[in-house]
$ cat final04.tsv   # TSV, C-alpha atoms
chain	number	residue	atom	x	y	z
C	18	PRO	CA	28.92	-3.03	7.87
C	19	LEU	CA	28.08	-1.33	11.12
C	20	ALA	CA	28.57	-3.42	14.23
C	21	PRO	CA	25.32	-5.23	15.17
C	22	GLU	CA	25.68	-4.18	18.78
C	23	ARG	CA	24.95	-0.62	17.71
C	24	TYR	CA	21.47	-1.77	16.77
C	25	PRO	CA	19.70	-3.30	19.79
C	26	VAL	CA	16.11	-4.46	19.75
C	27	ILE	CA	13.89	-1.57	18.69
C	28	ARG	CA	10.52	-1.10	20.36
C	29	ASN	CA	8.90	1.40	18.05
C	30	PHE	CA	11.63	3.77	16.95
C	31	LYS	CA	9.41	6.85	17.29
C	32	ARG	CA	9.01	6.24	21.01
C	33	THR	CA	12.76	5.62	21.21
C	34	ALA	CA	13.28	8.99	19.58
C	35	ALA	CA	10.98	10.52	22.18
C	36	ILE	CA	13.22	9.18	24.95
C	37	ALA	CA	16.23	10.63	23.18
C	38	GLY	CA	14.52	14.00	23.21
C	39	VAL	CA	13.92	13.75	26.95
C	40	VAL	CA	17.53	12.71	27.51
C	41	ALA	CA	18.77	15.65	25.48
C	42	LEU	CA	16.52	18.05	27.36
C	43	SER	CA	17.61	16.61	30.70
C	44	SER	CA	21.28	16.89	29.73
C	45	ALA	CA	20.75	20.51	28.85
C	46	SER	CA	19.19	21.04	32.25
C	47	LEU	CA	22.22	19.52	33.95
C	48	VAL	CA	24.56	21.85	32.13
C	49	ALA	CA	22.47	24.91	32.76
C	50	CYS	CA	21.48	24.25	36.36
C	51	GLY	CA	24.34	22.25	37.80
C	52	ASP	CA	24.28	19.36	40.28
C	53	SER	CA	21.17	20.57	42.07
C	54	GLU	CA	19.06	19.40	39.14
C	55	ASP	CA	20.68	15.96	38.78
C	56	ASN	CA	17.94	14.04	40.55
C	57	ALA	CA	15.08	15.79	38.76
C	58	ALA	CA	16.66	15.20	35.35
C	59	THR	CA	17.36	11.57	36.14
C	60	ASP	CA	13.78	11.07	37.32
C	61	ALA	CA	12.49	12.57	34.07
C	62	VAL	CA	14.51	10.15	31.96
C	63	GLU	CA	13.50	7.16	34.07
C	64	SER	CA	9.86	8.21	33.92
C	65	ALA	CA	9.94	8.47	30.12
C	66	THR	CA	11.71	5.14	29.80
C	67	GLU	CA	9.16	3.43	32.05
C	68	ALA	CA	6.32	4.94	30.01
C	69	VAL	CA	7.74	3.53	26.80
C	70	SER	CA	8.36	0.12	28.39
C	71	SER	CA	4.81	0.09	29.68
C	72	ASP	CA	3.46	1.07	26.27
C	73	ASP	CA	5.41	-1.79	24.68
C	74	LYS	CA	3.46	-4.24	26.84
C	75	ASP	CA	0.12	-3.11	25.44
C	76	GLY	CA	-1.75	-3.76	22.20
C	77	ASP	CA	0.32	-4.05	19.04
C	78	ALA	CA	3.51	-2.62	20.55
C	79	LYS	CA	5.07	-6.06	20.87
C	80	SER	CA	4.89	-6.44	17.09
C	81	GLY	CA	7.49	-3.67	16.93
C	82	ASP	CA	10.18	-5.82	18.56
C	83	TYR	CA	12.95	-6.72	16.14
C	84	GLU	CA	16.68	-6.39	15.76
C	85	LEU	CA	18.31	-4.34	13.02
C	86	SER	CA	21.55	-5.65	11.56
C	87	GLY	CA	22.79	-2.17	10.65
C	88	GLN	CA	23.91	-3.37	7.20
C	89	GLU	CA	25.09	-0.45	5.08
C	90	GLY	CA	24.57	-0.20	1.35
C	91	THR	CA	21.97	0.53	-1.31
C	92	LEU	CA	18.91	-1.71	-1.43
C	93	VAL	CA	17.64	-1.74	-5.02
C	94	ALA	CA	13.96	-2.39	-5.73
C	95	GLU	CA	11.51	-1.70	-8.53
C	96	GLY	CA	7.84	-1.98	-9.29
C	97	ALA	CA	4.40	-0.52	-8.72
C	98	SER	CA	4.05	3.23	-8.99
C	99	SER	CA	1.07	2.91	-6.65
C	100	GLN	CA	3.59	2.28	-3.87
C	101	GLN	CA	5.77	5.27	-4.73
C	102	ASN	CA	4.56	7.63	-2.00
C	103	ALA	CA	4.73	4.87	0.61
C	104	MET	CA	8.22	3.85	-0.53
C	105	ASP	CA	9.43	7.44	-0.37
C	106	TYR	CA	8.26	7.63	3.22
C	107	PHE	CA	9.67	4.23	4.17
C	108	ALA	CA	12.99	5.12	2.53
C	109	SER	CA	13.36	8.29	4.60
C	110	VAL	CA	12.76	6.39	7.85
C	111	TYR	CA	15.08	3.55	6.77
C	112	ALA	CA	17.93	5.98	6.04
C	113	SER	CA	17.39	7.57	9.44
C	114	GLU	CA	17.26	4.29	11.34
C	115	VAL	CA	20.16	2.63	9.54
C	116	PRO	CA	22.86	5.23	8.80
C	117	GLY	CA	24.78	4.32	5.66
C	118	ALA	CA	21.84	2.42	4.15
C	119	GLN	CA	19.39	3.65	1.55
C	120	LEU	CA	16.55	2.40	-0.64
C	121	ALA	CA	16.64	2.98	-4.41
C	122	TYR	CA	13.09	2.27	-5.63
C	123	THR	CA	12.15	2.73	-9.29
C	124	PRO	CA	8.34	3.10	-9.78
C	125	SER	CA	8.33	1.57	-13.28
C	126	GLY	CA	5.15	-0.51	-12.82
C	127	SER	CA	4.33	-3.94	-11.44
C	128	GLY	CA	5.14	-5.81	-14.64
C	129	ALA	CA	8.59	-4.28	-14.92
C	130	GLY	CA	9.28	-4.87	-11.24
C	131	GLN	CA	8.39	-8.54	-11.48
C	132	LYS	CA	10.60	-8.99	-14.56
C	133	GLN	CA	13.55	-7.28	-12.87
C	134	PHE	CA	13.09	-9.39	-9.75
C	135	ILE	CA	13.04	-12.62	-11.74
C	136	ALA	CA	16.12	-11.43	-13.65
C	137	ASP	CA	17.93	-10.91	-10.31
C	138	GLN	CA	18.37	-7.19	-11.01
C	139	VAL	CA	16.57	-6.03	-7.86
C	140	ALA	CA	16.30	-7.34	-4.30
C	141	PHE	CA	12.51	-7.18	-4.23
C	142	ALA	CA	9.62	-6.16	-6.44
C	143	GLY	CA	6.72	-3.93	-5.49
C	144	SER	CA	3.63	-5.30	-7.21
C	145	ASP	CA	-0.10	-4.64	-7.32
C	146	SER	CA	-0.76	-8.24	-8.36
C	147	PRO	CA	0.81	-11.64	-7.67
C	148	LEU	CA	3.18	-13.44	-9.99
C	149	LYS	CA	1.52	-15.42	-12.78
C	150	ASP	CA	1.59	-19.20	-12.53
C	151	GLU	CA	4.35	-19.44	-15.12
C	152	GLN	CA	6.44	-16.87	-13.22
C	153	VAL	CA	6.35	-18.71	-9.89
C	154	GLN	CA	9.00	-21.25	-10.86
C	155	GLU	CA	11.11	-18.56	-12.56
C	156	ALA	CA	11.07	-16.58	-9.32
C	157	ALA	CA	12.02	-19.68	-7.33
C	158	ASP	CA	14.95	-20.26	-9.69
C	159	ARG	CA	16.06	-16.66	-9.13
C	160	CYS	CA	15.88	-17.31	-5.40
C	161	GLY	CA	18.26	-20.24	-5.61
C	162	GLY	CA	15.50	-22.82	-5.65
C	163	ASN	CA	13.60	-21.20	-2.77
C	164	GLU	CA	10.00	-19.98	-2.81
C	165	ALA	CA	9.30	-16.32	-3.53
C	166	TRP	CA	6.89	-14.82	-1.01
C	167	HIS	CA	4.15	-12.27	-1.61
C	168	LEU	CA	3.90	-9.95	1.40
C	169	PRO	CA	0.72	-7.76	1.28
C	170	PHE	CA	2.52	-4.80	2.70
C	171	VAL	CA	1.08	-1.57	1.31
C	172	ILE	CA	-2.70	-1.39	1.44
C	173	GLY	CA	-4.22	1.26	-0.81
C	174	PRO	CA	-7.89	1.76	-1.56
C	175	VAL	CA	-8.55	2.50	-5.23
C	176	ALA	CA	-10.69	5.54	-5.90
C	177	ILE	CA	-12.89	6.42	-8.82
C	178	ALA	CA	-11.47	9.91	-9.26
C	179	TYR	CA	-13.39	12.51	-11.25
C	180	ASN	CA	-13.26	16.18	-12.19
C	181	LEU	CA	-16.70	17.72	-12.48
C	182	ASP	CA	-17.10	21.40	-11.70
C	183	GLY	CA	-19.81	22.06	-9.14
C	184	VAL	CA	-20.28	18.38	-8.25
C	185	ASP	CA	-18.57	17.73	-4.95
C	186	GLU	CA	-20.34	14.46	-4.19
C	187	LEU	CA	-21.03	11.80	-6.79
C	188	ASN	CA	-22.63	8.37	-6.36
C	189	LEU	CA	-21.89	5.60	-8.85
C	190	THR	CA	-23.03	1.98	-8.87
C	191	VAL	CA	-20.73	-0.83	-9.98
C	192	ASP	CA	-22.79	-1.09	-13.19
C	193	ASN	CA	-22.34	2.66	-13.78
C	194	ILE	CA	-18.58	2.27	-13.54
C	195	VAL	CA	-18.53	-0.74	-15.87
C	196	GLU	CA	-20.60	1.04	-18.51
C	197	ILE	CA	-18.57	4.25	-18.28
C	198	PHE	CA	-15.32	2.39	-18.92
C	199	GLN	CA	-16.99	0.32	-21.66
C	200	GLY	CA	-18.16	3.48	-23.42
C	201	VAL	CA	-21.87	2.66	-22.96
C	202	ILE	CA	-22.48	5.69	-20.72
C	203	THR	CA	-20.88	8.69	-22.41
C	204	THR	CA	-22.41	11.79	-20.79
C	205	TRP	CA	-22.55	12.87	-17.16
C	206	ASN	CA	-26.31	13.51	-17.13
C	207	ASP	CA	-27.12	10.02	-18.40
C	208	PRO	CA	-30.29	8.82	-16.62
C	209	LYS	CA	-28.43	5.80	-15.23
C	210	ILE	CA	-26.12	8.15	-13.31
C	211	ALA	CA	-28.81	10.73	-12.52
C	212	GLU	CA	-31.04	8.21	-10.74
C	213	ASN	CA	-28.27	7.63	-8.18
C	214	ASN	CA	-27.67	11.36	-7.64
C	215	GLU	CA	-31.05	12.85	-6.86
C	216	GLY	CA	-30.89	16.62	-6.40
C	217	VAL	CA	-27.45	16.91	-8.04
C	218	GLU	CA	-27.22	19.03	-11.18
C	219	LEU	CA	-25.20	16.88	-13.55
C	220	PRO	CA	-23.97	18.63	-16.71
C	221	ASP	CA	-24.84	17.58	-20.25
C	222	ALA	CA	-21.15	17.08	-20.95
C	223	PRO	CA	-19.03	14.23	-22.28
C	224	ILE	CA	-17.30	11.83	-19.91
C	225	ASN	CA	-13.55	11.84	-20.58
C	226	VAL	CA	-12.17	8.45	-19.58
C	227	PHE	CA	-8.50	8.02	-18.64
C	228	TYR	CA	-6.79	4.68	-18.02
C	229	ARG	CA	-3.30	3.37	-17.32
C	230	SER	CA	-1.38	2.96	-20.59
C	231	ASP	CA	1.45	1.01	-18.94
C	232	GLU	CA	1.14	-2.55	-17.70
C	233	SER	CA	-0.15	-2.09	-14.19
C	234	GLY	CA	-1.19	-4.18	-11.24
C	235	THR	CA	-3.71	-1.44	-10.51
C	236	SER	CA	-5.36	-2.11	-13.87
C	237	ASP	CA	-5.24	-5.84	-13.15
C	238	ASN	CA	-6.91	-5.45	-9.75
C	239	PHE	CA	-9.43	-2.91	-11.03
C	240	GLN	CA	-10.51	-5.25	-13.82
C	241	LYS	CA	-10.74	-8.18	-11.40
C	242	PHE	CA	-12.95	-6.02	-9.20
C	243	LEU	CA	-15.20	-5.01	-12.11
C	244	ALA	CA	-15.55	-8.63	-13.28
C	245	ALA	CA	-16.29	-10.00	-9.80
C	246	ALA	CA	-18.52	-7.20	-8.53
C	247	SER	CA	-20.58	-6.97	-11.74
C	248	ASP	CA	-21.04	-10.76	-12.05
C	249	GLY	CA	-19.12	-10.91	-15.31
C	250	LYS	CA	-20.41	-7.82	-17.12
C	251	TRP	CA	-16.76	-6.78	-17.41
C	252	GLU	CA	-14.83	-9.40	-19.36
C	253	SER	CA	-11.32	-8.02	-19.85
C	254	THR	CA	-8.52	-9.08	-17.48
C	255	GLY	CA	-4.80	-8.53	-17.00
C	256	LYS	CA	-2.31	-5.74	-16.37
C	257	ALA	CA	-3.02	-4.08	-19.73
C	258	PHE	CA	-6.22	-2.02	-19.77
C	259	PRO	CA	-8.29	-2.19	-22.99
C	260	ASN	CA	-7.87	1.00	-24.99
C	261	ALA	CA	-11.18	0.93	-26.86
C	262	VAL	CA	-12.50	3.86	-24.78
C	263	GLY	CA	-10.68	6.92	-23.48
C	264	THR	CA	-7.08	8.07	-23.32
C	265	GLY	CA	-4.09	6.37	-21.77
C	266	ALA	CA	-1.59	7.94	-19.37
C	267	ASN	CA	1.53	6.49	-17.78
C	268	GLY	CA	1.56	5.64	-14.08
C	269	SER	CA	-0.68	6.60	-11.20
C	270	SER	CA	0.57	10.17	-11.20
C	271	GLY	CA	-0.02	10.36	-14.96
C	272	VAL	CA	-3.72	9.50	-14.88
C	273	ALA	CA	-4.23	11.70	-11.82
C	274	GLN	CA	-2.64	14.69	-13.54
C	275	GLU	CA	-4.77	14.19	-16.65
C	276	VAL	CA	-7.98	14.04	-14.62
C	277	ASN	CA	-7.10	17.13	-12.62
C	278	ALA	CA	-6.41	19.02	-15.86
C	279	THR	CA	-9.51	17.84	-17.77
C	280	GLU	CA	-13.07	18.89	-17.04
C	281	GLY	CA	-15.46	15.94	-17.09
C	282	ALA	CA	-12.67	13.41	-16.60
C	283	ILE	CA	-12.77	10.12	-14.72
C	284	THR	CA	-10.22	7.42	-13.90
C	285	TYR	CA	-9.33	4.66	-11.44
C	286	VAL	CA	-6.34	5.45	-9.24
C	287	GLU	CA	-4.99	4.89	-5.73
C	288	ALA	CA	-6.74	7.10	-3.20
C	289	GLY	CA	-3.59	9.04	-2.39
C	290	PHE	CA	-3.51	10.41	-5.94
C	291	ALA	CA	-7.19	11.41	-6.09
C	292	ASP	CA	-8.82	14.73	-5.26
C	293	LYS	CA	-12.55	14.13	-5.81
C	294	LYS	CA	-13.58	10.53	-5.10
C	295	ALA	CA	-16.93	9.01	-6.05
C	296	ASN	CA	-19.01	7.14	-3.49
C	297	ILE	CA	-19.59	3.61	-4.76
C	298	ASP	CA	-22.75	1.56	-4.33
C	299	PHE	CA	-21.53	-2.03	-4.03
C	300	GLY	CA	-25.09	-3.28	-3.61
C	301	GLY	CA	-26.09	-1.93	-0.23
C	302	GLY	CA	-26.13	1.82	-0.87
C	303	PRO	CA	-23.34	4.36	-1.59
C	304	VAL	CA	-20.19	3.92	0.49
C	305	GLU	CA	-17.73	6.76	1.03
C	306	LEU	CA	-14.05	5.89	0.78
C	307	THR	CA	-12.88	6.19	4.40
C	308	ASP	CA	-10.35	4.37	6.57
C	309	GLU	CA	-13.19	2.81	8.54
C	310	ALA	CA	-14.90	1.48	5.40
C	311	VAL	CA	-11.65	-0.06	4.15
C	312	GLU	CA	-10.81	-1.55	7.55
C	313	LYS	CA	-14.16	-3.39	7.49
C	314	THR	CA	-12.97	-5.05	4.28
C	315	LEU	CA	-9.51	-5.88	5.63
C	316	ASP	CA	-11.01	-7.47	8.72
C	317	ASN	CA	-12.37	-10.14	6.37
C	318	LEU	CA	-9.22	-10.62	4.26
C	319	GLU	CA	-8.60	-14.20	3.09
C	320	PHE	CA	-5.59	-15.77	1.32
C	321	LYS	CA	-5.28	-18.31	-1.49
C	322	THR	CA	-1.96	-19.55	-0.15
C	323	GLU	CA	-0.62	-20.69	3.19
C	324	GLY	CA	2.32	-19.85	5.39
C	325	HIS	CA	4.43	-16.78	4.73
C	326	ASN	CA	3.43	-16.59	1.06
C	327	MET	CA	0.26	-14.48	1.30
C	328	VAL	CA	-1.65	-14.13	-1.98
C	329	VAL	CA	-4.98	-12.41	-1.33
C	330	ASP	CA	-8.14	-14.15	-2.56
C	331	SER	CA	-9.39	-11.27	-4.69
C	332	ASP	CA	-12.73	-12.87	-5.61
C	333	LYS	CA	-13.74	-13.08	-1.96
C	334	LEU	CA	-12.29	-9.64	-1.32
C	335	PHE	CA	-14.23	-7.92	-4.12
C	336	LYS	CA	-17.50	-9.72	-3.42
C	337	THR	CA	-17.67	-8.94	0.27
C	338	ASP	CA	-21.19	-8.23	1.49
C	339	VAL	CA	-20.15	-6.58	4.74
C	340	ALA	CA	-22.35	-3.53	5.32
C	341	GLY	CA	-20.48	-0.25	4.95
C	342	ALA	CA	-17.33	-1.94	3.61
C	343	TYR	CA	-15.31	-0.52	0.72
C	344	PRO	CA	-13.87	-3.57	-1.09
C	345	LEU	CA	-12.22	-1.76	-4.01
C	346	VAL	CA	-8.87	-2.16	-2.29
C	347	LEU	CA	-5.44	-2.65	-3.77
C	348	THR	CA	-3.41	-5.00	-1.59
C	349	THR	CA	0.06	-4.39	-2.99
C	350	TYR	CA	2.86	-6.84	-2.38
C	351	GLU	CA	6.55	-6.82	-1.75
C	352	ILE	CA	7.74	-9.91	-3.61
C	353	VAL	CA	10.83	-11.24	-1.86
C	354	CYS	CA	12.97	-14.36	-1.78
C	355	SER	CA	12.24	-16.55	1.22
C	356	ALA	CA	15.93	-17.52	1.04
C	357	GLY	CA	18.80	-17.37	-1.42
C	358	TYR	CA	20.02	-13.80	-0.94
C	359	ASP	CA	23.65	-13.08	-0.24
C	360	GLU	CA	24.22	-12.18	3.41
C	361	ALA	CA	24.37	-8.40	2.93
C	362	THR	CA	21.22	-8.26	0.79
C	363	SER	CA	19.29	-10.48	3.19
C	364	LYS	CA	20.17	-8.15	6.07
C	365	MET	CA	19.18	-5.04	4.11
C	366	VAL	CA	15.86	-6.54	2.98
C	367	LYS	CA	14.95	-7.53	6.53
C	368	ASP	CA	16.10	-4.21	8.01
C	369	PHE	CA	14.12	-2.21	5.47
C	370	LEU	CA	10.93	-4.24	5.78
C	371	ASN	CA	11.06	-4.26	9.57
C	372	VAL	CA	11.49	-0.50	9.69
C	373	ALA	CA	8.76	-0.03	7.06
C	374	LEU	CA	6.36	-2.19	9.06
C	375	ASP	CA	6.92	0.06	12.06
C	376	SER	CA	6.17	3.02	9.78
C	377	GLN	CA	2.54	1.96	9.26
C	378	ASP	CA	1.29	5.08	10.99
C	379	GLU	CA	-0.61	8.32	10.60
C	380	GLU	CA	2.01	9.72	8.25
C	381	LEU	CA	1.49	6.78	5.91
C	382	ALA	CA	-2.28	7.26	6.20
C	383	ALA	CA	-1.83	10.88	5.12
C	384	GLU	CA	-0.43	9.54	1.83
C	385	GLY	CA	-3.68	7.68	1.15
C	386	PHE	CA	-2.77	4.23	2.49
C	387	ILE	CA	-4.35	2.13	5.22
C	388	PRO	CA	-1.76	1.24	7.91
C	389	VAL	CA	-1.64	-2.50	8.59
C	390	LYS	CA	-2.03	-3.52	12.21
C	391	GLY	CA	-3.18	-6.31	14.48
C	392	ALA	CA	-3.06	-9.89	13.23
C	393	HIS	CA	-1.93	-8.97	9.73
C	394	ALA	CA	0.98	-6.93	11.04
C	395	GLU	CA	2.02	-9.91	13.17
C	396	ARG	CA	1.87	-12.20	10.11
C	397	LEU	CA	4.09	-9.83	8.16
C	398	ARG	CA	6.60	-9.49	11.02
C	399	GLU	CA	6.92	-13.27	11.26
C	400	ALA	CA	7.47	-13.56	7.51
C	401	ILE	CA	10.09	-10.81	7.41
C	402	ASN	CA	12.09	-12.34	10.21
C	403	ALA	CA	11.89	-15.78	8.53
C	404	ILE	CA	13.71	-14.53	5.41
C	405	LYS	CA	17.14	-16.15	5.07

$ encode --input "final04.tsv" --output "structure tokens"
Amino acid sequence: PLAPERYPVIRNFKRTAAIAGVVALSSASLVACGDSEDNAATDAVESATEAVSSDDKDGDAKSGDYELSGQEGTLVAEGASSQQNAMDYFASVYASEVPGAQLAYTPSGSGAGQKQFIADQVAFAGSDSPLKDEQVQEAADRCGGNEAWHLPFVIGPVAIAYNLDGVDELNLTVDNIVEIFQGVITTWNDPKIAENNEGVELPDAPINVFYRSDESGTSDNFQKFLAAASDGKWESTGKAFPNAVGTGANGSSGVAQEVNATEGAITYVEAGFADKKANIDFGGGPVELTDEAVEKTLDNLEFKTEGHNMVVDSDKLFKTDVAGAYPLVLTTYEIVCSAGYDEATSKMVKDFLNVALDSQDEELAAEGFIPVKGAHAERLREAINAIK
């Protein structure tokens, strides 16, 4: 392992990198210009350092304070494919911040990730849904008798993605969505859809439904949303999506590819995988999927559990009546041991999650996720640093 003293407290590694750039530039100036530029170069470095220190005193910057152990090795994880793009980004930053360390994440689906975590084959599981009641004790046994924590770490709005030539804006009610996936509405110009899209020329063409064929937390959350938001008109639940209507495809990328290749197609998928996204009327008029609309939902997030184990209360989430909010949100978890890891694994888990929490930025947003910040980011930081 690398010596801990090589990894002092980090106050937002991107600002630290900015200082390094100033230092490098100043050093170059010293070489090129000689002693006459010493004072100017030194002033530049001190000015940049003071700016960063000042920035750390404001807003959420303090939440970026943590200490990396510098533990080398491969951190093995598995789970939700919905997290794949986020994990790829986090992994690149982790490898940069902790030389000699890397993340190996297999996007095999939430169900597989949970099973591998319980079997002690991976350090943590990425999951779109919490462990089932019967899995909670199994996970605790895997963690040496310690509680497994759900950390709502990657926040991804779920889009109703469609492919309809000439229709760049589509409004759907919750009932429309339920009936499309039930096979009740089968054509795009059905009057129930047309009445919500006045002035839009909808084709007399079949609706081609695609769903996740693998066990998926996305399917689980989507079905919970449909059941809650439609007051029970959708009755199916669980990670397996009913295959009575449409065609199955594996993973988030699988359903997205099928929709993009099929005229008249529709699916449910994380926003980062969707091209055309329907506006959804949750009861107060059509709402466009935007960061602002999702943030209104997250501002009202509530948990079923207490302490560092944070299981989102999905019923309250999906039934929010906040004006302009977009509650079809996938709060995906990293399921970790609160204690019970060997020393090296514990250090790698904490290093990775701390770095990933500081990577909740505009680059993550570009992948279709909503960066966590404020009080929720503070809750996550406290939980990460409490892992033993």

$ closest_residue --input "final04.tsv" --among "C:Glu384, C:Glu309, C:Asp248, C:Glu196" --to "C:Tyr106" --atoms "all atoms listed in the file"
C:Glu384

$ closest_residue --input "final04.tsv" --among "C:Glu84, C:Asp182, C:Asp231, C:Glu280" --to "C:Pro259" --atoms "only C-alpha atoms"
C:Asp231

$ closest_residue --input "final04.tsv" --among "C:Phe299, C:Phe141, C:Phe134, C:Tyr358" --to "C:Asn188" --atoms "all atoms listed in the file"
C:Phe299

$ atom_distance --input "final04.tsv" --atom1 "atom CA of C:Gly90" --atom2 "atom CA of C:Gly162"
25.4 Å

$ atom_distance --input "final04.tsv" --atom1 "atom CA of C:Ala356" --atom2 "atom CA of C:Phe386"
28.7 Å

$ decode --input "final04.tsv" --residues "stretch 181-211 of chain C" --atoms "C-alpha atoms" --output "PDB file, in the first residue's frame"
ATOM      1  CA  LEU C 181     -41.542   8.378 -33.617  1.00  0.00           C
ATOM      2  CA  ASP C 182     -40.495  10.071 -36.832  1.00  0.00           C
ATOM      3  CA  GLY C 183     -41.662  13.669 -37.028  1.00  0.00           C
ATOM      4  CA  VAL C 184     -42.815  13.809 -33.400  1.00  0.00           C
ATOM      5  CA  ASP C 185     -40.223  15.701 -31.404  1.00  0.00           C
ATOM      6  CA  GLU C 186     -42.443  16.422 -28.406  1.00  0.00           C
ATOM      7  CA  LEU C 187     -44.849  13.907 -26.923  1.00  0.00           C
ATOM      8  CA  ASN C 188     -47.091  14.231 -23.871  1.00  0.00           C
ATOM      9  CA  LEU C 189     -48.244  11.122 -22.009  1.00  0.00           C
ATOM     10  CA  THR C 190     -50.323  10.801 -18.858  1.00  0.00           C
ATOM     11  CA  VAL C 191     -49.585   8.148 -16.241  1.00  0.00           C
ATOM     12  CA  ASP C 192     -52.711   6.288 -17.417  1.00  0.00           C
ATOM     13  CA  ASN C 193     -51.439   6.436 -21.024  1.00  0.00           C
ATOM     14  CA  ILE C 194     -48.181   4.812 -19.955  1.00  0.00           C
ATOM     15  CA  VAL C 195     -49.945   2.108 -17.940  1.00  0.00           C
ATOM     16  CA  GLU C 196     -52.251   1.207 -20.818  1.00  0.00           C
ATOM     17  CA  ILE C 197     -49.438   1.201 -23.388  1.00  0.00           C
ATOM     18  CA  PHE C 198     -47.413  -1.281 -21.337  1.00  0.00           C
ATOM     19  CA  GLN C 199     -50.546  -3.329 -20.621  1.00  0.00           C
ATOM     20  CA  GLY C 200     -51.323  -3.571 -24.331  1.00  0.00           C
ATOM     21  CA  VAL C 201     -54.614  -1.650 -24.031  1.00  0.00           C
ATOM     22  CA  ILE C 202     -53.372   1.244 -26.185  1.00  0.00           C
ATOM     23  CA  THR C 203     -51.747  -0.256 -29.275  1.00  0.00           C
ATOM     24  CA  THR C 204     -51.521   2.545 -31.857  1.00  0.00           C
ATOM     25  CA  TRP C 205     -49.913   5.965 -31.664  1.00  0.00           C
ATOM     26  CA  ASN C 206     -52.987   7.876 -32.862  1.00  0.00           C
ATOM     27  CA  ASP C 207     -55.223   6.368 -30.192  1.00  0.00           C
ATOM     28  CA  PRO C 208     -57.645   9.084 -28.995  1.00  0.00           C
ATOM     29  CA  LYS C 209     -56.374   8.722 -25.428  1.00  0.00           C
ATOM     30  CA  ILE C 210     -52.918   9.839 -26.583  1.00  0.00           C
ATOM     31  CA  ALA C 211     -54.184  12.348 -29.150  1.00  0.00           C
TER      32      ALA C 211
END
